$ cat upload_19.cif   # mmCIF, C-alpha atoms
data_final
#
loop_
_atom_site.label_atom_id
_atom_site.label_comp_id
_atom_site.auth_asym_id
_atom_site.auth_seq_id
_atom_site.Cartn_x
_atom_site.Cartn_y
_atom_site.Cartn_z
CA MET A 127 56.18 -0.70 21.43
CA LYS A 128 53.88 0.99 23.91
CA GLN A 129 50.14 0.62 23.40
CA ASP A 130 47.60 3.20 24.53
CA THR A 131 44.86 2.46 27.08
CA LYS A 132 41.97 2.20 24.63
CA ASP A 133 44.12 0.13 22.29
CA ASN A 134 44.76 -2.37 25.08
CA ALA A 135 41.11 -2.39 26.09
CA VAL A 136 40.00 -3.40 22.61
CA HIS A 137 42.82 -5.92 22.20
CA ASN A 138 42.27 -7.53 25.57
CA SER A 139 38.51 -7.85 24.98
CA GLY A 140 39.22 -9.78 21.79
CA MET A 141 39.00 -7.91 18.51
CA LYS A 142 36.74 -9.55 15.96
CA GLN A 143 38.58 -10.71 12.86
CA HIS A 144 38.16 -8.33 9.93
CA ASN A 145 39.17 -8.17 6.31
CA ILE A 146 41.45 -5.14 6.16
CA VAL A 147 42.57 -3.85 2.78
CA ILE A 148 45.54 -1.50 2.39
CA ILE A 149 45.53 0.24 -1.00
CA GLY A 150 48.89 1.53 -2.21
CA CYS A 151 50.56 -0.82 0.26
CA GLY A 152 54.11 0.52 0.57
CA ASP A 153 56.30 1.28 3.56
CA ILE A 154 53.53 2.59 5.83
CA GLY A 155 51.10 -0.09 4.70
CA ILE A 156 53.56 -2.90 5.37
CA ALA A 157 54.33 -1.57 8.86
CA LEU A 158 50.60 -1.31 9.55
CA GLY A 159 49.93 -4.73 8.05
CA GLN A 160 52.49 -6.33 10.33
CA ARG A 161 50.79 -4.88 13.39
CA LEU A 162 47.33 -5.96 12.22
CA HIS A 163 48.48 -9.44 11.26
CA ALA A 164 49.87 -9.85 14.79
CA ARG A 165 46.33 -9.16 16.02
CA GLY A 166 44.95 -11.99 13.91
CA GLN A 167 43.45 -9.80 11.20
CA ASN A 168 43.13 -10.74 7.52
CA VAL A 169 45.33 -8.16 5.80
CA TYR A 170 45.33 -7.58 2.05
CA GLY A 171 47.81 -5.32 0.30
CA VAL A 172 46.84 -3.79 -3.04
CA ARG A 173 49.66 -2.58 -5.27
CA ARG A 174 50.90 -2.92 -8.84
CA ARG A 175 53.36 -5.69 -7.96
CA SER A 176 52.21 -7.48 -4.85
CA GLU A 177 54.99 -10.08 -4.94
CA LYS A 178 57.14 -7.48 -3.16
CA LEU A 179 54.93 -7.73 -0.07
CA PRO A 180 55.93 -9.84 2.94
CA GLN A 181 54.10 -13.12 3.48
CA PHE A 182 51.96 -11.81 6.35
CA ILE A 183 50.12 -9.58 3.86
CA LYS A 184 47.97 -11.23 1.20
CA GLY A 185 49.02 -9.55 -2.02
CA VAL A 186 46.51 -8.27 -4.59
CA ASP A 187 47.78 -7.08 -7.98
CA ALA A 188 45.89 -3.93 -8.99
CA ASP A 189 46.73 -0.44 -10.17
CA PHE A 190 44.55 2.16 -8.46
CA THR A 191 44.72 4.34 -11.59
CA HIS A 192 42.98 1.55 -13.58
CA ALA A 193 39.33 1.73 -12.56
CA ALA A 194 38.02 -1.56 -13.98
CA GLU A 195 40.94 -3.61 -12.67
CA LEU A 196 40.67 -2.11 -9.19
CA LYS A 197 36.90 -2.59 -9.01
CA HIS A 198 37.20 -6.23 -10.02
CA GLN A 199 39.81 -6.98 -7.38
CA LEU A 200 38.17 -5.09 -4.51
CA ALA A 201 34.79 -6.72 -5.20
CA GLN A 202 36.30 -10.08 -4.23
CA LEU A 203 37.73 -8.96 -0.89
CA ALA A 204 34.62 -7.93 1.10
CA ALA A 205 36.62 -5.30 2.99
CA ASP A 206 35.55 -4.36 6.50
CA TYR A 207 38.17 -1.62 6.64
CA VAL A 208 40.16 0.11 3.93
CA ILE A 209 43.32 2.15 4.42
CA VAL A 210 44.51 4.26 1.50
CA THR A 211 48.19 5.26 1.29
CA LEU A 212 48.84 6.68 -2.17
CA THR A 213 52.21 7.77 -3.56
CA PRO A 214 52.44 9.82 -6.80
CA ALA A 215 54.87 8.76 -9.51
CA GLY A 216 56.69 12.11 -9.30
CA PHE A 217 56.52 15.68 -8.05
CA THR A 218 54.53 17.09 -10.97
CA ALA A 219 50.98 18.37 -11.29
CA ALA A 220 50.14 15.57 -13.73
CA ALA A 221 51.45 12.88 -11.37
CA TYR A 222 49.51 14.29 -8.44
CA GLU A 223 46.32 14.56 -10.49
CA GLN A 224 46.64 10.96 -11.66
CA CYS A 225 47.39 9.69 -8.15
CA PHE A 226 45.15 11.73 -5.87
CA GLY A 227 42.52 12.78 -8.40
CA ASP A 228 41.97 9.75 -10.64
CA GLY A 229 43.23 7.25 -8.08
CA THR A 230 40.96 8.43 -5.27
CA ARG A 231 37.99 8.62 -7.62
CA ASN A 232 38.59 5.04 -8.76
CA ILE A 233 38.94 3.75 -5.21
CA LEU A 234 35.73 5.36 -4.04
CA ALA A 235 33.84 4.10 -7.09
CA ALA A 236 35.15 0.58 -6.55
CA LEU A 237 33.99 0.62 -2.92
CA SER A 238 30.62 2.27 -3.52
CA SER A 239 28.64 -0.97 -3.98
CA ALA A 240 29.95 -2.43 -0.71
CA PRO A 241 31.30 0.36 1.51
CA PRO A 242 33.67 -0.58 4.34
CA GLN A 243 32.91 0.03 7.98
CA ARG A 244 35.42 2.89 7.76
CA LEU A 245 37.92 4.23 5.24
CA LEU A 246 41.17 5.71 6.53
CA TYR A 247 42.85 8.02 4.02
CA VAL A 248 46.45 9.08 4.58
CA SER A 249 46.84 12.71 3.54
CA SER A 250 49.45 15.39 4.18
CA THR A 251 50.00 18.55 6.19
CA GLY A 252 50.81 20.04 2.78
CA VAL A 253 47.14 21.03 2.54
CA TYR A 254 47.89 23.93 4.91
CA HIS A 255 49.07 27.26 3.54
CA GLN A 256 50.22 29.00 6.73
CA THR A 257 53.74 30.44 6.53
CA ASP A 258 54.21 32.57 9.68
CA GLY A 259 55.02 29.80 12.14
CA GLU A 260 51.48 29.77 13.52
CA TRP A 261 49.80 26.75 15.09
CA VAL A 262 47.32 24.81 12.98
CA ASP A 263 44.96 21.97 13.84
CA GLU A 264 42.20 19.98 12.15
CA GLU A 265 39.88 23.01 12.10
CA SER A 266 42.39 25.46 10.62
CA ALA A 267 41.88 26.92 7.16
CA THR A 268 43.32 24.97 4.23
CA GLN A 269 44.15 27.10 1.20
CA PRO A 270 47.20 25.42 -0.35
CA GLN A 271 49.18 27.56 -2.76
CA GLN A 272 51.07 24.74 -4.51
CA PHE A 273 49.75 22.05 -6.83
CA ASN A 274 50.60 19.18 -4.48
CA GLY A 275 48.50 20.58 -1.65
CA GLU A 276 45.68 21.50 -4.03
CA HIS A 277 45.40 17.99 -5.43
CA ILE A 278 45.62 16.34 -2.00
CA LEU A 279 42.97 18.65 -0.56
CA ALA A 280 40.68 17.92 -3.51
CA ALA A 281 41.15 14.21 -2.82
CA GLU A 282 40.23 14.73 0.85
CA LYS A 283 36.99 16.41 -0.23
CA GLN A 284 36.19 13.45 -2.49
CA VAL A 285 36.69 11.06 0.41
CA LEU A 286 34.63 13.01 2.94
CA SER A 287 31.75 13.47 0.50
CA ALA A 288 31.58 9.74 -0.33
CA ALA A 289 28.74 7.60 1.00
CA MET A 290 30.84 5.80 3.61
CA PRO A 291 32.35 6.59 7.02
CA ALA A 292 35.80 8.09 6.42
CA THR A 293 38.69 9.61 8.33
CA ILE A 294 41.51 11.73 6.96
CA VAL A 295 44.94 11.45 8.61
CA ARG A 296 47.18 14.39 7.64
CA CYS A 297 50.74 13.25 8.21
CA GLY A 298 53.79 15.46 8.51
CA GLY A 299 57.19 14.45 7.17
CA ILE A 300 57.50 10.70 7.67
CA TYR A 301 60.93 9.37 8.59
CA GLY A 302 62.27 6.05 9.82
CA PRO A 303 63.81 2.86 8.41
CA GLY A 304 64.64 3.35 4.76
CA ARG A 305 63.89 7.07 4.97
CA LEU A 306 67.39 8.36 5.59
CA ARG A 307 67.62 11.46 3.40
CA LEU A 308 68.50 13.91 6.19
CA ILE A 309 71.12 11.55 7.59
CA GLN A 310 72.69 10.79 4.23
CA ASN A 311 72.78 14.45 3.20
CA LEU A 312 74.67 15.32 6.37
CA GLN A 313 77.09 12.46 5.90
CA GLN A 314 77.78 13.47 2.32
CA ASN A 315 77.74 17.27 2.53
CA GLY A 316 78.07 18.23 6.18
CA THR A 317 75.68 21.14 5.63
CA ILE A 318 72.41 22.16 7.23
CA THR A 319 69.69 24.47 5.94
CA ALA A 320 69.94 28.19 6.54
CA SER A 321 66.15 28.38 6.96
CA LYS A 322 64.65 28.47 10.43
CA ASN A 323 61.12 27.65 9.26
CA PHE A 324 59.18 25.17 11.38
CA SER A 325 58.78 21.62 10.16
CA ASN A 326 56.54 18.79 11.35
CA ARG A 327 57.30 15.09 11.28
CA ILE A 328 56.32 11.64 12.49
CA HIS A 329 58.25 8.40 12.78
CA ARG A 330 57.10 5.65 10.40
CA ASP A 331 56.28 3.32 13.27
CA ASP A 332 54.14 5.93 15.03
CA CYS A 333 52.33 6.62 11.77
CA ALA A 334 51.44 2.94 11.41
CA ALA A 335 50.51 2.71 15.10
CA MET A 336 48.23 5.73 14.76
CA LEU A 337 46.32 4.12 11.90
CA GLU A 338 46.05 0.90 13.90
CA HIS A 339 44.81 2.90 16.90
CA LEU A 340 42.01 4.50 14.86
CA LEU A 341 40.93 1.12 13.47
CA LEU A 342 40.83 -0.31 16.98
CA LEU A 343 38.77 2.60 18.26
CA ASP A 344 36.24 2.18 15.45
CA ALA A 345 36.09 -1.59 15.81
CA GLY A 346 35.51 -1.15 19.54
CA GLY A 347 32.59 1.21 19.01
CA ASP A 348 34.40 4.38 20.06
CA SER A 349 33.89 7.66 18.24
CA VAL A 350 36.36 8.44 15.46
CA ALA A 351 36.59 11.96 14.03
CA ASP A 352 36.72 12.76 10.32
CA CYS A 353 40.24 14.23 10.51
CA TYR A 354 43.42 13.91 12.59
CA LEU A 355 46.88 15.42 12.32
CA GLY A 356 49.56 12.74 12.24
CA VAL A 357 52.56 14.59 13.67
CA ASP A 358 54.71 14.22 16.76
CA SER A 359 54.56 16.51 19.77
CA GLU A 360 57.36 18.93 18.89
CA PRO A 361 57.22 21.04 15.74
CA VAL A 362 60.75 22.33 15.26
CA PRO A 363 62.86 24.14 12.66
CA LEU A 364 64.45 21.66 10.28
CA GLN A 365 67.80 23.25 11.09
CA GLU A 366 67.51 22.02 14.69
CA VAL A 367 66.74 18.49 13.54
CA GLN A 368 69.81 18.56 11.31
CA ARG A 369 71.98 19.92 14.11
CA TYR A 370 70.85 17.12 16.40
CA ILE A 371 71.61 14.45 13.81
CA ALA A 372 75.01 16.04 13.14
CA HIS A 373 75.76 16.04 16.87
CA CYS A 374 74.87 12.34 17.12
CA LEU A 375 77.10 11.56 14.14
CA GLY A 376 79.99 13.67 15.45
CA ILE A 377 79.79 16.06 12.50
CA THR A 378 80.39 19.82 12.80
CA PRO A 379 77.95 21.16 10.21
CA THR A 380 78.10 24.35 8.14
CA LEU A 381 75.19 26.40 6.84
CA ALA A 382 74.21 25.74 3.26
CA ALA A 383 73.59 28.67 0.94
CA ALA A 384 69.99 29.85 1.15
CA ALA A 385 67.93 28.44 -1.69
CA HIS A 386 64.40 29.28 -2.75
CA SER A 387 61.98 26.35 -2.73
CA GLN A 388 58.36 26.28 -3.78
CA ARG A 389 57.79 23.51 -1.24
CA THR A 390 58.79 25.69 1.73
CA SER A 391 56.21 26.05 4.51
CA ASN A 392 56.33 27.38 8.05
CA LYS A 393 53.66 26.19 10.46
CA ARG A 394 53.35 24.25 13.70
CA CYS A 395 50.90 21.36 13.58
CA SER A 396 49.08 20.32 16.75
CA ASN A 397 48.53 16.64 17.55
CA GLN A 398 46.18 17.28 20.48
CA ARG A 399 43.17 15.59 18.87
CA ILE A 400 44.90 12.25 18.37
CA VAL A 401 46.52 12.47 21.82
CA ALA A 402 43.11 13.16 23.37
CA SER A 403 41.81 9.96 21.75
CA GLY A 404 44.24 7.97 23.91
CA PHE A 405 47.12 7.51 21.49
CA GLU A 406 50.65 7.50 22.93
CA PHE A 407 53.71 8.12 20.78
CA THR A 408 56.68 5.82 20.96
CA TYR A 409 58.73 8.68 19.48
CA PRO A 410 57.11 11.91 20.73
CA ASP A 411 59.84 14.14 19.30
CA TYR A 412 62.62 14.14 16.72
CA ARG A 413 65.32 13.37 19.30
CA ALA A 414 63.72 10.09 20.37
CA GLY A 415 62.95 9.12 16.79
CA TYR A 416 66.30 9.93 15.21
CA GLU A 417 68.33 8.46 18.05
CA ALA A 418 66.46 5.17 17.63
CA LEU A 419 66.89 5.32 13.85
CA LEU A 420 70.62 6.06 14.06
CA ARG A 421 71.11 3.19 16.49
CA ALA A 422 69.12 0.82 14.30
CA GLU A 423 71.32 1.78 11.34
CA GLY A 424 74.45 1.16 13.41
CA LEU A 425 75.57 4.79 13.07
CA ILE A 426 75.86 5.52 16.78
#

$ encode --input "upload_19.cif" --output "structure tokens"
Amino acid sequence: MKQDTKDNAVHNSGMKQHNIVIIGCGDIGIALGQRLHARGQNVYGVRRRSEKLPQFIKGVDADFTHAAELKHQLAQLAADYVIVTLTPAGFTAAAYEQCFGDGTRNILAALSSAPPQRLLYVSSTGVYHQTDGEWVDEESATQPQQFNGEHILAAEKQVLSAAMPATIVRCGGIYGPGRLRLIQNLQQNGTITASKNFSNRIHRDDCAAMLEHLLLLDAGGDSVADCYLGVDSEPVPLQEVQRYIAHCLGITPTLAAAAHSQRTSNKRCSNQRIVASGFEFTYPDYRAGYEALLRAEGLI
């Protein structure tokens, strides 16, 4: 995988060994942990059942919705850096409140007595409300109209008001190994959406690399902003992504019947801030990312 210039500068100068704690250590956390472990870092993964983690991540059993348990476990780790990647139990207001409301509150409280050098908090472009295909960046207004965006935005505000250096990374739709919904839907149904609304996405590996990049910048003494958009360089209608996948699979797709969805959005997210920091994408657009994914799955 390509590494950016600043990334290489820090790595080649010899990065000091840190205790890095990934809370809610799932798919993104494992990919990040693998990269950090290769750099000689001490990586801890906090999740309900840590036995599912690979050996290169030191597992810590803790539920971030249980305040006392989480505080006890984190107090023993002496974290230099903390990365938070939370996943709600379902798409309901209650699940989002428990995850992003209670969970974030518990994490910040547990870290308050010994704050890390920096906290990275993985958020979502769902905090944006724009629906006319306009461009948005880190300074754009955030007035989410749905409960998921509202709860995530409230969590961001908790993080940025905490007494510790923190950075929000708002990721678009994450795809990659194990995230095959678009591919499987096409294989099963042969249909693509009738909507031409813009969508924004990022490959799993680029998401992990971006988090690593920000840690390396901070560890090297470079300036790190309080918010970045984690999306690739080509916002595109979902229909075009589906057409490309269908073409690669040799499928002639048909349009699905239009369906109303409360989760529909229509905006183009700019990644210029993270690019300006020196980060280079391995998969700068959906074509590069999905071709690699399809090949890895043995589908083309």

$ residues_around --input "upload_19.cif" --residues "region 189-206 of chain A" --least-positions-apart "4" --cutoff "6 Å" --atoms "only C-alpha atoms" --output "PyMOL selection string"
chain A and resi 144-146+174+229+232+236+242-243

$ closest_atom_pairs --input "upload_19.cif" --of "region 357-392 of chain A" --to "region 304-322 of chain A" --cutoff "6 Å" --atoms "all atoms listed in the file" --output "Markdown table"
| residue | atom | partner | partner_atom | distance |
| --- | --- | --- | --- | --- |
| A:Pro363 | CA | A:Lys322 | CA | 5.2 |
| A:Gln365 | CA | A:Thr319 | CA | 5.6 |
| A:Pro379 | CA | A:Gly316 | CA | 5.0 |
| A:Thr380 | CA | A:Thr317 | CA | 4.7 |
| A:Leu381 | CA | A:Ile318 | CA | 5.1 |
| A:Ala382 | CA | A:Thr317 | CA | 5.4 |
| A:Ala384 | CA | A:Ala320 | CA | 5.6 |

$ closest_atom_pairs --input "upload_19.cif" --of "region 171-224 of chain A" --to "region 157-165 of chain A" --cutoff "9 Å" --atoms "all atoms listed in the file" --output "CSV"
residue,atom,partner,partner_atom,distance
A:Gly171,CA,A:Gly159,CA,8.1
A:Pro180,CA,A:Gln160,CA,8.9
A:Phe182,CA,A:His163,CA,6.5
A:Ile183,CA,A:Gly159,CA,6.4

$ residues_around --input "upload_19.cif" --residues "Met336 (chain A)" --least-positions-apart "3" --cutoff "10 Å" --atoms "all atoms listed in the file" --output "PDB file with C-alpha atoms, keeping the file's coordinate frame"
ATOM      1  CA  LEU A 158      50.600  -1.310   9.550  1.00  0.00           C
ATOM      2  CA  VAL A 295      44.940  11.450   8.610  1.00  0.00           C
ATOM      3  CA  ARG A 330      57.100   5.650  10.400  1.00  0.00           C
ATOM      4  CA  ASP A 331      56.280   3.320  13.270  1.00  0.00           C
ATOM      5  CA  ASP A 332      54.140   5.930  15.030  1.00  0.00           C
ATOM      6  CA  CYS A 333      52.330   6.620  11.770  1.00  0.00           C
ATOM      7  CA  HIS A 339      44.810   2.900  16.900  1.00  0.00           C
ATOM      8  CA  LEU A 340      42.010   4.500  14.860  1.00  0.00           C
ATOM      9  CA  LEU A 341      40.930   1.120  13.470  1.00  0.00           C
ATOM     10  CA  LEU A 342      40.830  -0.310  16.980  1.00  0.00           C
ATOM     11  CA  TYR A 354      43.420  13.910  12.590  1.00  0.00           C
ATOM     12  CA  GLY A 356      49.560  12.740  12.240  1.00  0.00           C
ATOM     13  CA  VAL A 357      52.560  14.590  13.670  1.00  0.00           C
ATOM     14  CA  ILE A 400      44.900  12.250  18.370  1.00  0.00           C
ATOM     15  CA  VAL A 401      46.520  12.470  21.820  1.00  0.00           C
ATOM     16  CA  PHE A 405      47.120   7.510  21.490  1.00  0.00           C
ATOM     17  CA  GLU A 406      50.650   7.500  22.930  1.00  0.00           C
ATOM     18  CA  PHE A 407      53.710   8.120  20.780  1.00  0.00           C
TER      19      PHE A 407
END

$ resolve_selection --input "upload_19.cif" --expression "the PyMOL selection byres ((chain A and resi 151) around 9)" --output "number ranges by chain"
A: 147-150, 152-156, 159, 170-173, 176, 179, 209-212

$ write_last_selection --input "upload_19.cif" --atoms "C-alpha atoms" --output "compact mmCIF listing (two decimals), in the coordinates of the input"
# COMPACT_ATOMS: atom_id res chain seq x y z
CA VAL A 147 42.57 -3.85 2.78
CA ILE A 148 45.54 -1.50 2.39
CA ILE A 149 45.53 0.24 -1.00
CA GLY A 150 48.89 1.53 -2.21
CA GLY A 152 54.11 0.52 0.57
CA ASP A 153 56.30 1.28 3.56
CA ILE A 154 53.53 2.59 5.83
CA GLY A 155 51.10 -0.09 4.70
CA ILE A 156 53.56 -2.90 5.37
CA GLY A 159 49.93 -4.73 8.05
CA TYR A 170 45.33 -7.58 2.05
CA GLY A 171 47.81 -5.32 0.30
CA VAL A 172 46.84 -3.79 -3.04
CA ARG A 173 49.66 -2.58 -5.27
CA SER A 176 52.21 -7.48 -4.85
CA LEU A 179 54.93 -7.73 -0.07
CA ILE A 209 43.32 2.15 4.42
CA VAL A 210 44.51 4.26 1.50
CA THR A 211 48.19 5.26 1.29
CA LEU A 212 48.84 6.68 -2.17

$ resolve_selection --input "upload_19.cif" --expression "the PyMOL selection byres ((chain A and resi 395) around 8)" --output "PyMOL selection string"
chain A and resi 251+261-263+326+355+357+361+393-394+396-397

$ closest_residue --input "upload_19.cif" --among "A:Arg413, A:Asn323, A:Ala372, A:Asp358" --to "Gly259 (chain A)" --atoms "all atoms listed in the file"
A:Asn323

$ closest_residue --input "upload_19.cif" --among "A:Cys225, A:Ala414, A:Met141, A:Leu234" --to "Ser287 (chain A)" --atoms "all atoms listed in the file"
A:Leu234

$ atom_distance --input "upload_19.cif" --atom1 "CA of Gln256 (chain A)" --atom2 "CA of Gln284 (chain A)"
22.9 Å

$ residues_around --input "upload_19.cif" --residues "Val350 (chain A)" --least-positions-apart "3" --cutoff "9 Å" --atoms "all atoms listed in the file" --output "list in words"
Thr293, Leu340, Leu341, Leu343, Asp344, Gly347, Cys353 and Ser403 of chain A
